[in-house]
Structures are given as C-alpha cells and as structure tokens.
Amino acid sequence: MNLRVGTDDVRSQLRHPMKFARGLGSAKHGVDHWWVQRVTAAALIVLGLWFLITVLSLLHADYAVARAAVAKPWNALLLILFVVTAFWHAVLGLQVVIEDYVHTRWKEVVLLVAIKFLAVLGALAGVLAVLRIALGV
C-alpha cells in the first residue's frame, strides 16, 4: 500500500473496501420505512380505540342508527382514516416479511405487486363504502 502524505489518496486508501461497493449497500429507505410503520401503528392504536368505542356504543342499535352514526362527518372521516391506515400498515409489514423470507426474486416481485394491488383494492372498497353511507348514496 502506497501512502502519499499530503494528498487525498491517503484518505481513500485508508477506507474499507466495502466503502467502494456500488449498489450493494443501503438504499437509504430503511429508516423511512421503519418510521412510517411506527407512525401507522401509533395511529392505528388511537383509531382502533375510537373504532372499538364506536362499535360498542352501537352494539344494541338497529341498522338505521348504525348507518346514521357512520354518516356523521367526523365518524366518516375517522373511519376512512382507519381503513386507509390499516391497509397501509399491513402492506408495510407484509413487505418486510416478503423481503426477508422470500429468496426467489420473481416470487418476491409477484407477491409485492399482488399485496399492493389487493391493499389498494381493499382500501378503495372500504373508502367507497364509507362515502356511500356518509353521502347518502
């Protein structure tokens, strides 16, 4: 190893060989994914408690009362947030499981696309159902 003092080569020659690996390191999205997963989990705790309280308060109510409760603007908004957050959190969790335990690349891609497609489909169906009730359609 030839170390020339006073040049930038000294710093580059002292770096670990892994520093020069291209395309193998962090994609810089791990922390974002981790934070979003934690934020959606915290939101689901709050929204889940609200949902549980709402459902328990409607336990002995008839269909018209339950429909009227969902049609209230705040309840409709919170229910939409609950549905979207639940599907988003599920996609994030399943993505981690698939990336960690599915080792065939094409299977991994197919599963990730299928999960995202099904989650979007489920979230849209849930949001559409709440909007139909809230708007009286």
# chains A, B, ... in the order shown; residues from 1 in each chain; ligands from 1

$ residues_around --residues "Trp88 in chain A" --least-positions-apart "3" --cutoff "9 Å" --atoms "only C-alpha atoms" --output "number ranges by chain"
A: 37, 40, 83-85, 91-93, 116, 119-120, 123

$ residues_around --residues "Trp35 in chain A" --least-positions-apart "6" --cutoff "12 Å" --atoms "only C-alpha atoms" --output "ChimeraX atom specification"
/A:29,41-42,89,92

$ write_last_selection --atoms "N, CA, C and O atoms" --output "PDB file, in the first residue's frame"
ATOM      1  N   HIS A  29     -33.688   3.953   2.368  1.00  0.00           N
ATOM      2  CA  HIS A  29     -35.121   3.990   2.610  1.00  0.00           C
ATOM      3  C   HIS A  29     -35.525   3.178   3.832  1.00  0.00           C
ATOM      4  O   HIS A  29     -36.691   3.140   4.176  1.00  0.00           O
ATOM      5  N   ALA A  41     -48.651   2.448  13.096  1.00  0.00           N
ATOM      6  CA  ALA A  41     -49.020   1.624  14.251  1.00  0.00           C
ATOM      7  C   ALA A  41     -49.599   2.494  15.369  1.00  0.00           C
ATOM      8  O   ALA A  41     -50.619   2.140  15.981  1.00  0.00           O
ATOM      9  N   ALA A  42     -48.963   3.624  15.629  1.00  0.00           N
ATOM     10  CA  ALA A  42     -49.477   4.535  16.660  1.00  0.00           C
ATOM     11  C   ALA A  42     -50.843   5.086  16.270  1.00  0.00           C
ATOM     12  O   ALA A  42     -51.754   5.183  17.106  1.00  0.00           O
ATOM     13  N   HIS A  89     -50.511   0.058   6.775  1.00  0.00           N
ATOM     14  CA  HIS A  89     -49.671  -0.620   7.766  1.00  0.00           C
ATOM     15  C   HIS A  89     -49.503  -2.103   7.405  1.00  0.00           C
ATOM     16  O   HIS A  89     -48.412  -2.661   7.550  1.00  0.00           O
ATOM     17  N   LEU A  92     -46.948  -2.424   4.623  1.00  0.00           N
ATOM     18  CA  LEU A  92     -45.582  -2.223   5.127  1.00  0.00           C
ATOM     19  C   LEU A  92     -45.076  -3.464   5.855  1.00  0.00           C
ATOM     20  O   LEU A  92     -43.928  -3.889   5.663  1.00  0.00           O
TER      21      LEU A  92
END

$ closest_residue --among "A:Val102, A:Leu131, A:Ala76, A:Val96" --to "Trp50 in chain A" --atoms "only C-alpha atoms"
A:Ala76

$ residues_around --residues "Pro73 in chain A" --least-positions-apart "3" --cutoff "12 Å" --atoms "only C-alpha atoms" --output "mmCIF file with all heavy atoms, in the first residue's frame"
data_model
loop_
_atom_site.group_PDB
_atom_site.id
_atom_site.type_symbol
_atom_site.label_atom_id
_atom_site.label_comp_id
_atom_site.auth_asym_id
_atom_site.auth_seq_id
_atom_site.Cartn_x
_atom_site.Cartn_y
_atom_site.Cartn_z
ATOM 1 N N ALA A 68 -76.677 5.960 10.558
ATOM 2 C CA ALA A 68 -76.658 7.387 10.888
ATOM 3 C C ALA A 68 -75.368 7.759 11.624
ATOM 4 O O ALA A 68 -74.817 8.845 11.415
ATOM 5 C CB ALA A 68 -77.872 7.757 11.728
ATOM 6 N N ALA A 69 -74.875 6.860 12.455
ATOM 7 C CA ALA A 69 -73.624 7.131 13.176
ATOM 8 C C ALA A 69 -72.441 7.194 12.209
ATOM 9 O O ALA A 69 -71.573 8.052 12.335
ATOM 10 C CB ALA A 69 -73.383 6.069 14.235
ATOM 11 N N VAL A 70 -72.406 6.285 11.244
ATOM 12 C CA VAL A 70 -71.319 6.295 10.254
ATOM 13 C C VAL A 70 -71.440 7.514 9.350
ATOM 14 O O VAL A 70 -70.439 8.041 8.875
ATOM 15 C CB VAL A 70 -71.323 4.988 9.427
ATOM 16 C CG1 VAL A 70 -70.336 5.044 8.277
ATOM 17 C CG2 VAL A 70 -71.008 3.805 10.332
ATOM 18 N N ALA A 76 -67.294 9.437 9.777
ATOM 19 C CA ALA A 76 -66.939 9.001 8.423
ATOM 20 C C ALA A 76 -65.459 9.271 8.147
ATOM 21 O O ALA A 76 -64.748 8.421 7.605
ATOM 22 C CB ALA A 76 -67.821 9.705 7.392
ATOM 23 N N LEU A 77 -64.995 10.451 8.524
ATOM 24 C CA LEU A 77 -63.588 10.797 8.306
ATOM 25 C C LEU A 77 -62.658 9.863 9.086
ATOM 26 O O LEU A 77 -61.672 9.347 8.537
ATOM 27 C CB LEU A 77 -63.332 12.249 8.710
ATOM 28 C CG LEU A 77 -61.886 12.728 8.602
ATOM 29 C CD1 LEU A 77 -61.452 12.766 7.145
ATOM 30 C CD2 LEU A 77 -61.719 14.078 9.249
ATOM 31 N N LEU A 78 -62.978 9.629 10.347
ATOM 32 C CA LEU A 78 -62.138 8.743 11.158
ATOM 33 C C LEU A 78 -62.187 7.300 10.656
ATOM 34 O O LEU A 78 -61.176 6.593 10.683
ATOM 35 C CB LEU A 78 -62.561 8.815 12.626
ATOM 36 C CG LEU A 78 -62.227 10.136 13.327
ATOM 37 C CD1 LEU A 78 -62.849 10.165 14.724
ATOM 38 C CD2 LEU A 78 -60.732 10.347 13.415
ATOM 39 N N LEU A 79 -63.336 6.866 10.177
ATOM 40 C CA LEU A 79 -63.447 5.515 9.636
ATOM 41 C C LEU A 79 -62.629 5.365 8.352
ATOM 42 O O LEU A 79 -61.955 4.355 8.147
ATOM 43 C CB LEU A 79 -64.909 5.152 9.399
ATOM 44 C CG LEU A 79 -65.218 3.701 9.090
ATOM 45 C CD1 LEU A 79 -64.642 2.769 10.153
ATOM 46 C CD2 LEU A 79 -66.721 3.500 8.971
ATOM 47 N N ILE A 80 -62.647 6.382 7.496
ATOM 48 C CA ILE A 80 -61.820 6.367 6.290
ATOM 49 C C ILE A 80 -60.343 6.343 6.662
ATOM 50 O O ILE A 80 -59.558 5.580 6.087
ATOM 51 C CB ILE A 80 -62.160 7.568 5.380
ATOM 52 C CG1 ILE A 80 -63.527 7.358 4.729
ATOM 53 C CG2 ILE A 80 -61.086 7.780 4.315
ATOM 54 C CD1 ILE A 80 -64.056 8.566 3.992
ATOM 55 N N VAL A 130 -67.759 3.724 2.899
ATOM 56 C CA VAL A 130 -67.995 4.771 3.899
ATOM 57 C C VAL A 130 -68.564 6.024 3.228
ATOM 58 O O VAL A 130 -69.503 6.648 3.734
ATOM 59 C CB VAL A 130 -66.692 5.091 4.670
ATOM 60 C CG1 VAL A 130 -66.897 6.283 5.581
ATOM 61 C CG2 VAL A 130 -66.245 3.880 5.466
ATOM 62 N N LEU A 131 -68.010 6.381 2.074
ATOM 63 C CA LEU A 131 -68.502 7.582 1.373
ATOM 64 C C LEU A 131 -69.946 7.401 0.917
ATOM 65 O O LEU A 131 -70.731 8.354 0.963
ATOM 66 C CB LEU A 131 -67.599 7.892 0.177
ATOM 67 C CG LEU A 131 -66.245 8.508 0.518
ATOM 68 C CD1 LEU A 131 -65.418 8.695 -0.731
ATOM 69 C CD2 LEU A 131 -66.409 9.827 1.262
ATOM 70 N N ILE A 133 -72.230 5.678 2.402
ATOM 71 C CA ILE A 133 -73.082 5.861 3.589
ATOM 72 C C ILE A 133 -73.110 7.316 4.008
ATOM 73 O O ILE A 133 -74.167 7.881 4.294
ATOM 74 C CB ILE A 133 -72.586 4.963 4.750
ATOM 75 C CG1 ILE A 133 -72.804 3.494 4.397
ATOM 76 C CG2 ILE A 133 -73.286 5.323 6.049
ATOM 77 C CD1 ILE A 133 -72.155 2.536 5.371
ATOM 78 N N ALA A 134 -71.927 7.958 4.045
ATOM 79 C CA ALA A 134 -71.845 9.340 4.505
ATOM 80 C C ALA A 134 -72.577 10.307 3.589
ATOM 81 O O ALA A 134 -73.180 11.282 4.050
ATOM 82 C CB ALA A 134 -70.391 9.761 4.651
ATOM 83 N N LEU A 135 -72.530 10.041 2.291
ATOM 84 C CA LEU A 135 -73.182 10.953 1.335
ATOM 85 C C LEU A 135 -74.612 10.557 1.039
ATOM 86 O O LEU A 135 -75.317 11.249 0.300
ATOM 87 C CB LEU A 135 -72.365 11.010 0.041
ATOM 88 C CG LEU A 135 -70.935 11.530 0.193
ATOM 89 C CD1 LEU A 135 -70.184 11.426 -1.127
ATOM 90 C CD2 LEU A 135 -70.930 12.956 0.719
ATOM 91 N N GLY A 136 -75.062 9.435 1.599
ATOM 92 C CA GLY A 136 -76.444 9.005 1.429
ATOM 93 C C GLY A 136 -76.755 8.498 0.038
ATOM 94 O O GLY A 136 -77.894 8.610 -0.415
#

$ atom_distance --atom1 "CA of Ala86 in chain A" --atom2 "CA of Ile45 in chain A"
10.3 Å

$ residues_around --residues "Glu108 in chain A" --least-positions-apart "4" --cutoff "12 Å" --atoms "only C-alpha atoms" --output "list in words"
Leu94, Gln95, Val96, Val97, Ile98, Glu99, Asp100, Tyr101, Val102, His103, Thr104, Leu112, Val113, Ala114 and Ile115 of chain A

$ residues_around --residues "Ala66 in chain A" --least-positions-apart "4" --cutoff "12 Å" --atoms "only C-alpha atoms" --output "list of chain:residue names"
A:Thr54, A:Val55, A:Leu56, A:Ser57, A:Leu58, A:Leu59, A:His60, A:Ala61, A:Asp62, A:Val70, A:Ala71, A:Lys72, A:Asn75, A:Ala76, A:Ile133, A:Ala134

$ write_last_selection --atoms "all heavy atoms" --output "mmCIF file, in the first residue's frame"
data_model
loop_
_atom_site.group_PDB
_atom_site.id
_atom_site.type_symbol
_atom_site.label_atom_id
_atom_site.label_comp_id
_atom_site.auth_asym_id
_atom_site.auth_seq_id
_atom_site.Cartn_x
_atom_site.Cartn_y
_atom_site.Cartn_z
ATOM 1 N N THR A 54 -66.798 3.160 19.318
ATOM 2 C CA THR A 54 -67.949 3.403 18.437
ATOM 3 C C THR A 54 -68.766 2.136 18.233
ATOM 4 O O THR A 54 -70.004 2.150 18.320
ATOM 5 C CB THR A 54 -67.474 3.954 17.078
ATOM 6 O OG1 THR A 54 -66.716 5.142 17.298
ATOM 7 C CG2 THR A 54 -68.641 4.262 16.168
ATOM 8 N N VAL A 55 -68.091 1.032 17.955
ATOM 9 C CA VAL A 55 -68.799 -0.235 17.740
ATOM 10 C C VAL A 55 -69.517 -0.672 19.015
ATOM 11 O O VAL A 55 -70.671 -1.127 18.965
ATOM 12 C CB VAL A 55 -67.826 -1.322 17.234
ATOM 13 C CG1 VAL A 55 -68.467 -2.698 17.284
ATOM 14 C CG2 VAL A 55 -67.361 -0.998 15.829
ATOM 15 N N LEU A 56 -68.866 -0.542 20.166
ATOM 16 C CA LEU A 56 -69.513 -0.931 21.424
ATOM 17 C C LEU A 56 -70.713 -0.047 21.741
ATOM 18 O O LEU A 56 -71.700 -0.519 22.326
ATOM 19 C CB LEU A 56 -68.507 -0.904 22.569
ATOM 20 C CG LEU A 56 -67.437 -2.002 22.535
ATOM 21 C CD1 LEU A 56 -66.450 -1.831 23.678
ATOM 22 C CD2 LEU A 56 -68.075 -3.382 22.567
ATOM 23 N N SER A 57 -70.644 1.228 21.366
ATOM 24 C CA SER A 57 -71.792 2.110 21.612
ATOM 25 C C SER A 57 -72.964 1.782 20.693
ATOM 26 O O SER A 57 -74.109 2.122 20.994
ATOM 27 C CB SER A 57 -71.394 3.574 21.444
ATOM 28 O OG SER A 57 -71.145 3.867 20.086
ATOM 29 N N LEU A 58 -72.690 1.117 19.573
ATOM 30 C CA LEU A 58 -73.746 0.742 18.629
ATOM 31 C C LEU A 58 -74.154 -0.718 18.754
ATOM 32 O O LEU A 58 -74.864 -1.241 17.888
ATOM 33 C CB LEU A 58 -73.269 1.009 17.196
ATOM 34 C CG LEU A 58 -72.988 2.465 16.834
ATOM 35 C CD1 LEU A 58 -72.315 2.548 15.483
ATOM 36 C CD2 LEU A 58 -74.272 3.274 16.873
ATOM 37 N N LEU A 59 -73.721 -1.366 19.819
ATOM 38 C CA LEU A 59 -73.920 -2.802 19.960
ATOM 39 C C LEU A 59 -75.392 -3.217 19.888
ATOM 40 O O LEU A 59 -75.732 -4.189 19.227
ATOM 41 C CB LEU A 59 -73.277 -3.278 21.274
ATOM 42 C CG LEU A 59 -73.017 -4.752 21.395
ATOM 43 C CD1 LEU A 59 -72.114 -5.237 20.275
ATOM 44 C CD2 LEU A 59 -72.376 -5.054 22.737
ATOM 45 N N HIS A 60 -76.250 -2.485 20.549
ATOM 46 C CA HIS A 60 -77.667 -2.852 20.570
ATOM 47 C C HIS A 60 -78.514 -1.915 19.706
ATOM 48 O O HIS A 60 -79.731 -1.904 19.836
ATOM 49 C CB HIS A 60 -78.197 -2.858 22.007
ATOM 50 C CG HIS A 60 -77.510 -3.877 22.857
ATOM 51 N ND1 HIS A 60 -77.673 -5.234 22.673
ATOM 52 C CD2 HIS A 60 -76.624 -3.755 23.873
ATOM 53 C CE1 HIS A 60 -76.926 -5.892 23.544
ATOM 54 N NE2 HIS A 60 -76.278 -5.017 24.290
ATOM 55 N N ALA A 61 -77.861 -1.197 18.822
ATOM 56 C CA ALA A 61 -78.587 -0.282 17.940
ATOM 57 C C ALA A 61 -79.046 -1.026 16.691
ATOM 58 O O ALA A 61 -78.489 -2.054 16.323
ATOM 59 C CB ALA A 61 -77.686 0.884 17.548
ATOM 60 N N ASP A 62 -80.083 -0.484 16.067
ATOM 61 C CA ASP A 62 -80.547 -1.101 14.824
ATOM 62 C C ASP A 62 -79.750 -0.543 13.640
ATOM 63 O O ASP A 62 -78.877 0.304 13.796
ATOM 64 C CB ASP A 62 -82.052 -0.889 14.649
ATOM 65 C CG ASP A 62 -82.436 0.583 14.535
ATOM 66 O OD1 ASP A 62 -81.564 1.432 14.781
ATOM 67 O OD2 ASP A 62 -83.597 0.861 14.200
ATOM 68 N N VAL A 70 -72.406 6.285 11.244
ATOM 69 C CA VAL A 70 -71.319 6.295 10.254
ATOM 70 C C VAL A 70 -71.440 7.514 9.350
ATOM 71 O O VAL A 70 -70.439 8.041 8.875
ATOM 72 C CB VAL A 70 -71.323 4.988 9.427
ATOM 73 C CG1 VAL A 70 -70.336 5.044 8.277
ATOM 74 C CG2 VAL A 70 -71.008 3.805 10.332
ATOM 75 N N ALA A 71 -72.657 7.987 9.117
ATOM 76 C CA ALA A 71 -72.884 9.123 8.226
ATOM 77 C C ALA A 71 -72.449 10.454 8.832
ATOM 78 O O ALA A 71 -72.307 11.440 8.106
ATOM 79 C CB ALA A 71 -74.349 9.188 7.831
ATOM 80 N N LYS A 72 -72.245 10.514 10.139
ATOM 81 C CA LYS A 72 -71.765 11.757 10.750
ATOM 82 C C LYS A 72 -70.374 12.074 10.190
ATOM 83 O O LYS A 72 -69.539 11.179 10.051
ATOM 84 C CB LYS A 72 -71.700 11.621 12.267
ATOM 85 C CG LYS A 72 -73.053 11.515 12.916
ATOM 86 C CD LYS A 72 -72.925 11.380 14.417
ATOM 87 C CE LYS A 72 -74.290 11.217 15.046
ATOM 88 N NZ LYS A 72 -74.211 11.011 16.490
ATOM 89 N N ASN A 75 -67.226 10.857 12.194
ATOM 90 C CA ASN A 75 -67.140 9.396 12.201
ATOM 91 C C ASN A 75 -66.744 8.864 10.828
ATOM 92 O O ASN A 75 -65.938 7.935 10.727
ATOM 93 C CB ASN A 75 -68.472 8.783 12.645
ATOM 94 C CG ASN A 75 -68.687 8.901 14.138
ATOM 95 O OD1 ASN A 75 -67.752 9.164 14.888
ATOM 96 N ND2 ASN A 75 -69.915 8.724 14.555
ATOM 97 N N ALA A 76 -67.294 9.437 9.777
ATOM 98 C CA ALA A 76 -66.939 9.001 8.423
ATOM 99 C C ALA A 76 -65.459 9.271 8.147
ATOM 100 O O ALA A 76 -64.748 8.421 7.605
ATOM 101 C CB ALA A 76 -67.821 9.705 7.392
ATOM 102 N N ILE A 133 -72.230 5.678 2.402
ATOM 103 C CA ILE A 133 -73.082 5.861 3.589
ATOM 104 C C ILE A 133 -73.110 7.316 4.008
ATOM 105 O O ILE A 133 -74.167 7.881 4.294
ATOM 106 C CB ILE A 133 -72.586 4.963 4.750
ATOM 107 C CG1 ILE A 133 -72.804 3.494 4.397
ATOM 108 C CG2 ILE A 133 -73.286 5.323 6.049
ATOM 109 C CD1 ILE A 133 -72.155 2.536 5.371
ATOM 110 N N ALA A 134 -71.927 7.958 4.045
ATOM 111 C CA ALA A 134 -71.845 9.340 4.505
ATOM 112 C C ALA A 134 -72.577 10.307 3.589
ATOM 113 O O ALA A 134 -73.180 11.282 4.050
ATOM 114 C CB ALA A 134 -70.391 9.761 4.651
#

$ closest_residue --among "A:Arg105, A:Val36, A:Val110, A:Arg67" --to "Val137 in chain A" --atoms "only C-alpha atoms"
A:Arg67

$ atom_distance --atom1 "CA of Leu81 in chain A" --atom2 "CA of Leu44 in chain A"
9.1 Å

$ closest_residue --among "A:Phe82, A:Trp74, A:His33, A:Ala125" --to "Val46 in chain A" --atoms "only C-alpha atoms"
A:Phe82
